[in-house]
$ cat run.txt   # compact mmCIF, C-alpha atoms
# COMPACT_ATOMS: atom_id res chain seq x y z
CA MET S 296 -58.74 -106.56 -67.99
CA THR S 297 -60.18 -105.12 -64.80
CA GLU S 298 -59.98 -108.54 -63.27
CA PRO S 299 -58.85 -108.82 -59.64
CA ALA S 300 -55.46 -110.29 -60.53
CA PHE S 301 -54.55 -107.25 -62.55
CA LEU S 302 -55.78 -104.91 -59.85
CA VAL S 303 -53.82 -106.68 -57.12
CA LEU S 304 -50.63 -106.83 -59.17
CA ALA S 305 -50.91 -103.21 -60.25
CA ALA S 306 -51.49 -102.15 -56.65
CA VAL S 307 -48.50 -104.18 -55.45
CA THR S 308 -46.29 -102.68 -58.15
CA VAL S 309 -47.33 -99.10 -57.54
CA ILE S 310 -47.29 -99.31 -53.74
CA GLY S 311 -43.95 -101.13 -53.82
CA SER S 312 -42.40 -98.47 -56.00
CA ILE S 313 -43.74 -95.67 -53.82
CA MET S 314 -42.41 -97.46 -50.73
CA ALA S 315 -39.04 -97.91 -52.44
CA LEU S 316 -38.69 -94.17 -52.76
CA GLU S 317 -40.32 -93.15 -49.51
CA ALA S 318 -39.20 -95.77 -46.97
CA ARG S 319 -37.10 -94.23 -44.26
CA ASP S 320 -34.44 -96.90 -44.25
CA LEU S 321 -32.65 -97.71 -47.49
CA VAL S 322 -32.71 -101.44 -46.77
CA TYR S 323 -36.50 -101.46 -46.61
CA GLY S 324 -36.52 -99.34 -49.73
CA ALA S 325 -34.46 -101.96 -51.55
CA VAL S 326 -36.78 -104.75 -50.37
CA ALA S 327 -39.83 -102.72 -51.46
CA LEU S 328 -38.16 -102.29 -54.85
CA GLY S 329 -37.88 -106.07 -55.03
CA VAL S 330 -41.59 -106.38 -54.23
CA ALA S 331 -42.36 -103.88 -57.01
CA PHE S 332 -40.26 -105.95 -59.44
CA LEU S 333 -42.20 -109.04 -58.35
CA GLY S 334 -45.50 -107.32 -59.11
CA MET S 335 -44.10 -106.26 -62.47
CA ALA S 336 -43.23 -109.90 -63.20
CA GLY S 337 -46.84 -110.80 -62.43
CA LEU S 338 -48.01 -108.15 -64.88
CA PHE S 339 -45.71 -109.70 -67.50
CA ILE S 340 -47.34 -113.08 -66.83
CA LEU S 341 -50.74 -111.47 -67.36
CA LEU S 342 -49.45 -110.21 -70.72
CA ASP S 343 -48.50 -113.77 -71.81
CA ALA S 344 -44.78 -113.05 -71.43
CA SER S 345 -43.90 -115.65 -68.84
CA TYR S 346 -40.29 -116.07 -69.99
CA VAL S 347 -39.74 -112.35 -69.59
CA ALA S 348 -41.31 -112.62 -66.14
CA ALA S 349 -38.87 -115.38 -65.17
CA PHE S 350 -36.00 -113.33 -66.56
CA GLN S 351 -37.21 -110.30 -64.64
CA ILE S 352 -37.28 -112.23 -61.36
CA ALA S 353 -33.88 -113.80 -61.97
CA VAL S 354 -32.12 -110.61 -63.02
CA TYR S 355 -33.82 -107.93 -60.98
CA ILE S 356 -34.59 -109.71 -57.73
CA GLY S 357 -31.71 -112.15 -57.95
CA ALA S 358 -29.00 -109.72 -59.01
CA VAL S 359 -29.96 -106.05 -58.91
CA VAL S 360 -31.69 -106.01 -55.52
CA ILE S 361 -28.89 -108.06 -53.97
CA LEU S 362 -26.30 -105.67 -55.44
CA ILE S 363 -28.24 -102.72 -54.06
CA LEU S 364 -28.44 -104.38 -50.64
CA PHE S 365 -24.68 -104.95 -50.58
CA THR S 366 -24.05 -101.36 -51.62
CA VAL S 367 -26.40 -100.11 -48.89
CA MET S 368 -24.47 -102.22 -46.41
CA LEU S 369 -21.16 -100.79 -47.63
CA VAL S 370 -22.29 -97.19 -47.92
CA GLY S 371 -25.33 -96.39 -45.90
CA PRO S 372 -25.27 -95.31 -42.30
CA ALA S 373 -26.52 -97.96 -39.91
CA LYS S 374 -29.54 -96.36 -38.36
CA GLY S 375 -30.86 -98.69 -35.72
CA GLU S 376 -34.60 -98.41 -35.22
CA ALA S 377 -35.22 -101.41 -33.10
CA GLN S 378 -38.65 -100.62 -31.72
CA MET S 379 -40.26 -100.27 -35.16
CA GLU S 380 -38.72 -103.51 -36.36
CA LEU S 381 -41.61 -105.89 -35.79
CA LYS S 382 -44.27 -103.65 -37.29
CA ARG S 383 -42.27 -103.03 -40.42
CA VAL S 384 -41.40 -106.67 -40.86
CA SER S 385 -45.04 -107.67 -40.51
CA LEU S 386 -46.04 -105.03 -43.06
CA LEU S 387 -43.40 -106.35 -45.41
CA ALA S 388 -44.64 -109.91 -44.91
CA ALA S 389 -48.20 -108.74 -45.65
CA VAL S 390 -47.06 -107.17 -48.93
CA LEU S 391 -45.16 -110.32 -49.89
CA VAL S 392 -48.14 -112.55 -49.14
CA ALA S 393 -50.39 -110.23 -51.16
CA THR S 394 -47.98 -110.54 -54.07
CA LEU S 395 -47.96 -114.31 -53.89
CA ILE S 396 -51.76 -114.41 -53.70
CA GLY S 397 -51.93 -112.07 -56.68
CA MET S 398 -49.64 -114.25 -58.77
CA GLY S 399 -51.62 -117.33 -57.80
CA GLY S 400 -54.81 -115.53 -58.75
CA ALA S 401 -53.30 -114.56 -62.09
CA LEU S 402 -52.40 -118.15 -62.87
CA ALA S 403 -55.79 -119.41 -61.66
CA SER S 404 -57.72 -116.89 -63.73
CA ALA S 405 -55.66 -117.68 -66.81
CA ALA S 406 -56.55 -121.33 -66.33
CA ALA S 407 -60.19 -120.66 -65.50
CA PHE S 408 -61.08 -118.65 -68.58
CA PRO S 409 -59.49 -120.43 -71.52
CA GLY S 410 -59.72 -118.80 -74.90
CA SER S 411 -60.97 -115.45 -73.66
CA ASP S 412 -57.90 -113.43 -74.48
CA VAL S 413 -55.18 -115.97 -75.14
CA CYS S 414 -52.21 -115.02 -77.23
CA GLY S 415 -52.15 -118.21 -79.27
CA GLY S 416 -49.19 -119.61 -81.13
CA SER S 417 -47.54 -116.33 -81.94
CA CYS S 418 -46.10 -115.60 -78.50
CA ASP S 419 -45.23 -118.99 -77.08
CA ILE S 420 -41.77 -119.90 -75.89
CA GLN S 421 -40.74 -121.59 -79.14
CA SER S 422 -41.27 -118.60 -81.36
CA LEU S 423 -39.65 -116.42 -78.71
CA SER S 424 -36.52 -118.54 -78.64
CA ARG S 425 -36.46 -118.75 -82.43
CA THR S 426 -36.67 -114.98 -82.70
CA LEU S 427 -34.12 -114.45 -79.96
CA LEU S 428 -31.51 -116.90 -81.19
CA ILE S 429 -31.89 -116.74 -84.97
CA ASP S 430 -33.19 -113.31 -85.86
CA TYR S 431 -31.40 -111.50 -83.06
CA GLY S 432 -28.45 -113.83 -82.49
CA THR S 433 -25.81 -111.26 -83.37
CA GLN S 434 -27.32 -108.72 -81.06
CA LEU S 435 -27.47 -111.31 -78.28
CA GLU S 436 -23.73 -112.04 -78.60
CA LEU S 437 -22.95 -108.33 -78.71
CA LEU S 438 -25.07 -107.84 -75.61
CA SER S 439 -23.13 -110.53 -73.76
CA LEU S 440 -19.86 -108.81 -74.71
CA VAL S 441 -21.22 -105.48 -73.48
CA LEU S 442 -22.34 -107.14 -70.26
CA ALA S 443 -18.88 -108.61 -69.70
CA ALA S 444 -17.25 -105.25 -70.39
CA ALA S 445 -19.63 -103.49 -68.01
CA VAL S 446 -19.05 -105.98 -65.21
CA ILE S 447 -15.25 -105.83 -65.64
CA GLY S 448 -15.45 -102.04 -65.72
CA ALA S 449 -17.54 -101.95 -62.57
CA LEU S 450 -15.09 -104.27 -60.81
CA THR S 451 -12.14 -102.15 -61.87
CA LEU S 452 -13.89 -98.97 -60.84
CA ALA S 453 -14.79 -100.26 -57.40
CA LYS S 454 -11.42 -101.87 -56.78
CA ALA S 455 -8.92 -99.31 -58.05
CA GLU S 456 -9.66 -96.71 -55.44
CA LYS S 457 -8.94 -99.03 -52.57
CA LYS S 458 -5.16 -98.77 -52.91
CA THR S 459 -4.90 -95.01 -52.95
CA MET F 115 -58.58 -106.12 -76.62
CA GLU F 116 -58.67 -102.44 -75.76
CA ALA F 117 -58.85 -103.45 -72.09
CA LEU F 118 -55.09 -103.97 -72.35
CA THR F 119 -54.73 -100.22 -72.21
CA SER F 120 -55.01 -100.39 -68.42
CA PHE F 121 -51.42 -101.64 -68.49
CA PHE F 122 -50.44 -98.34 -70.03
CA GLY F 123 -51.97 -96.66 -67.00
CA VAL F 124 -49.72 -98.65 -64.67
CA SER F 125 -46.75 -97.84 -66.86
CA ALA F 126 -47.57 -94.14 -66.77
CA ILE F 127 -47.96 -94.22 -62.98
CA LEU F 128 -44.58 -95.90 -62.63
CA LEU F 129 -43.00 -93.35 -64.95
CA GLY F 130 -44.50 -90.57 -62.85
CA ILE F 131 -43.19 -92.09 -59.62
CA GLY F 132 -39.76 -92.49 -61.18
CA ILE F 133 -39.62 -88.90 -62.38
CA TYR F 134 -40.79 -87.74 -58.95
CA GLY F 135 -37.96 -89.71 -57.36
CA LEU F 136 -35.41 -88.34 -59.80
CA ALA F 137 -36.53 -84.81 -59.06
CA THR F 138 -36.86 -84.87 -55.30
CA LYS F 139 -34.51 -87.47 -53.83
CA ARG F 140 -31.03 -86.63 -52.63
CA SER F 141 -29.41 -90.00 -52.02
CA ALA F 142 -27.71 -91.51 -55.07
CA ILE F 143 -29.12 -94.95 -54.29
CA ARG F 144 -32.68 -93.59 -54.26
CA ILE F 145 -32.06 -91.98 -57.62
CA LEU F 146 -30.85 -95.35 -58.89
CA PHE F 147 -34.15 -96.83 -57.61
CA ALA F 148 -36.02 -94.18 -59.60
CA VAL F 149 -34.04 -94.99 -62.75
CA GLU F 150 -34.86 -98.67 -62.34
CA LEU F 151 -38.55 -97.81 -61.95
CA ILE F 152 -38.45 -95.84 -65.20
CA TYR F 153 -36.76 -98.82 -66.91
CA ASN F 154 -39.60 -101.02 -65.66
CA ALA F 155 -42.25 -98.61 -66.91
CA ALA F 156 -40.66 -98.68 -70.37
CA ASN F 157 -40.47 -102.48 -70.34
CA LEU F 158 -44.13 -102.81 -69.40
CA ASN F 159 -45.06 -100.36 -72.12
CA ILE F 160 -43.13 -102.28 -74.79
CA ILE F 161 -44.61 -105.64 -73.76
CA ALA F 162 -48.14 -104.23 -73.66
CA PHE F 163 -47.75 -102.68 -77.11
CA ALA F 164 -46.36 -105.90 -78.57
CA ARG F 165 -49.29 -107.77 -77.02
CA LEU F 166 -51.82 -105.24 -78.25
CA ARG F 167 -50.86 -105.80 -81.87
CA ASN F 168 -53.07 -108.16 -83.82
CA PRO F 169 -51.57 -110.75 -84.22
CA PRO F 170 -49.23 -110.32 -81.25
CA ILE F 171 -45.51 -110.38 -81.96
CA VAL F 172 -42.64 -111.68 -79.85
CA THR F 173 -40.13 -109.04 -80.92
CA GLY F 174 -41.31 -106.87 -78.05
CA GLN F 175 -40.38 -109.59 -75.59
CA VAL F 176 -36.93 -109.93 -77.17
CA ILE F 177 -36.40 -106.19 -76.89
CA VAL F 178 -37.47 -106.28 -73.25
CA LEU F 179 -35.01 -109.10 -72.53
CA PHE F 180 -32.22 -106.94 -73.95
CA SER F 181 -33.50 -103.99 -71.97
CA ILE F 182 -33.48 -105.94 -68.71
CA ALA F 183 -29.88 -107.02 -69.32
CA LEU F 184 -28.89 -103.42 -70.08
CA ALA F 185 -30.64 -102.23 -66.91
CA ALA F 186 -28.72 -104.83 -64.89
CA MET F 187 -25.36 -103.66 -66.21
CA GLU F 188 -26.38 -100.06 -65.69
CA ALA F 189 -27.16 -100.88 -62.07
CA ALA F 190 -23.78 -102.60 -61.64
CA VAL F 191 -21.81 -99.68 -63.06
CA GLY F 192 -23.93 -97.15 -61.18
CA LEU F 193 -23.42 -98.89 -57.86
CA ALA F 194 -19.67 -99.09 -58.51
CA ILE F 195 -19.66 -95.34 -59.16
CA ILE F 196 -21.63 -94.79 -55.94
CA ILE F 197 -19.08 -96.85 -53.98
CA VAL F 198 -16.19 -94.86 -55.48
CA ALA F 199 -17.96 -91.56 -54.73
CA PHE F 200 -18.54 -92.69 -51.16
CA ARG F 201 -14.87 -93.63 -50.73
CA LEU F 202 -13.73 -90.29 -52.08
CA ASN F 203 -16.18 -88.04 -50.27
CA ASN F 204 -17.81 -90.01 -47.45
CA GLU F 205 -21.06 -88.78 -48.90
CA ILE F 206 -23.61 -89.98 -51.45
CA ASP F 207 -25.93 -87.00 -51.19
CA LEU F 208 -25.93 -85.78 -54.76
CA ARG F 209 -26.74 -82.22 -53.74
CA LYS F 210 -23.46 -82.10 -51.85
CA LEU F 211 -21.21 -83.79 -54.43
CA THR F 212 -20.27 -80.56 -56.13
CA ARG F 213 -16.57 -81.12 -56.63
CA LEU F 214 -16.94 -81.34 -60.42
CA LYS F 215 -18.85 -78.10 -60.62
CA GLY F 216 -15.74 -76.02 -61.26
$ encode --input "run.txt" --output "structure tokens"
Amino acid sequence: MTEPAFLVLAAVTVIGSIMALEARDLVYGAVALGVAFLGMAGLFILLDASYVAAFQIAVYIGAVVILILFTVMLVGPAKGEAQMELKRVSLLAAVLVATLIGMGGALASAAAFPGSDVCGGSCDIQSLSRTLLIDYGTQLELLSLVLAAAVIGALTLAKAEKKT
Amino acid sequence: MEALTSFFGVSAILLGIGIYGLATKRSAIRILFAVELIYNAANLNIIAFARLRNPPIVTGQVIVLFSIALAAMEAAVGLAIIIVAFRLNNEIDLRKLTRLKG
């Protein structure tokens, strides 16, 4: 699996996660975390888990990174570094383009070498949904209840202190 | 099939980066980043193991779906706690939030 798609996606994931921890501004850190999650979704696609990859993009990039960005806006100090703006934005754009190229390469290589390492019928979307909804249906409902409780708890926690 | 083990390398690197962030960072939001990175390392590990099995099984993907949902709610509650801590102390540097130390 030392194909170029894997190498590019692994590099994007690792560099994105390092940037998330080491970027000077928290906003750029959050965006780098999103890039790392995108690379991770590409790795999931390479592992024949495309539904998990879609779920990862929807939940992590669509919800968690946006939540983190709003929290950074509410909490973090606004450190204006205007002169570095263009260089950082262009670096960020380069990383994003590299991620997109990597994902395209992953899809292209999966289409170009059929039957080399394919998962077959045992990890397609039908068996996944059957396992998720029939074998683990109770756990799924419990998980949704826990999710609702956690979200209500988070709302209460963040709202109750405003009045005092 | 044993070439799939390179995914375990990526997972281990992510785990190392996450532990480094947990150990060295001071801002609560950075520590939340590190926790999310460790979650991702675990997810990648589970998916790679489920794929490595012969024949591959989908239970690993189901477990990872649950894990992603749990990580999302953990992030929501953690960020709410960070907001409350910031309102109470005007500070999210965890080395300085020592009010509960007693």
$ residues_around --input "run.txt" --residues "F:Ala186" --least-positions-apart "5" --cutoff "9 Å" --atoms "all atoms listed in the file" --output "ChimeraX atom specification"
/S:354-355,358-359,442 /F:181,191
$ atom_distance --input "run.txt" --atom1 "atom CA of F:Ile177" --atom2 "atom CA of F:Leu129"
18.7 Å
$ closest_residue --input "run.txt" --among "F:Ala164, F:Lys215, F:Ile197, F:Asp207" --to "chain S" --atoms "all atoms listed in the file"
F:Ile197
$ residues_near_point --input "run.txt" --point "(-23.7, -98.8, -57.1)" --cutoff "12 Å" --atoms "all atoms listed in the file" --output "VMD selection string"
(chain S and resid 359 to 371 446 449 to 450 452 to 453) or (chain F and resid 141 to 147 186 to 200 206)
$ atom_distance --input "run.txt" --atom1 "atom CA of F:Glu205" --atom2 "atom CA of S:Phe332"
27.8 Å
$ residues_around --input "run.txt" --residues "S:Ala306" --least-positions-apart "5" --cutoff "10 Å" --atoms "only C-alpha atoms" --output "JSON, numbers by chain"
{"S": [300, 301, 311, 312, 331, 334, 393, 394, 397], "F": [124]}
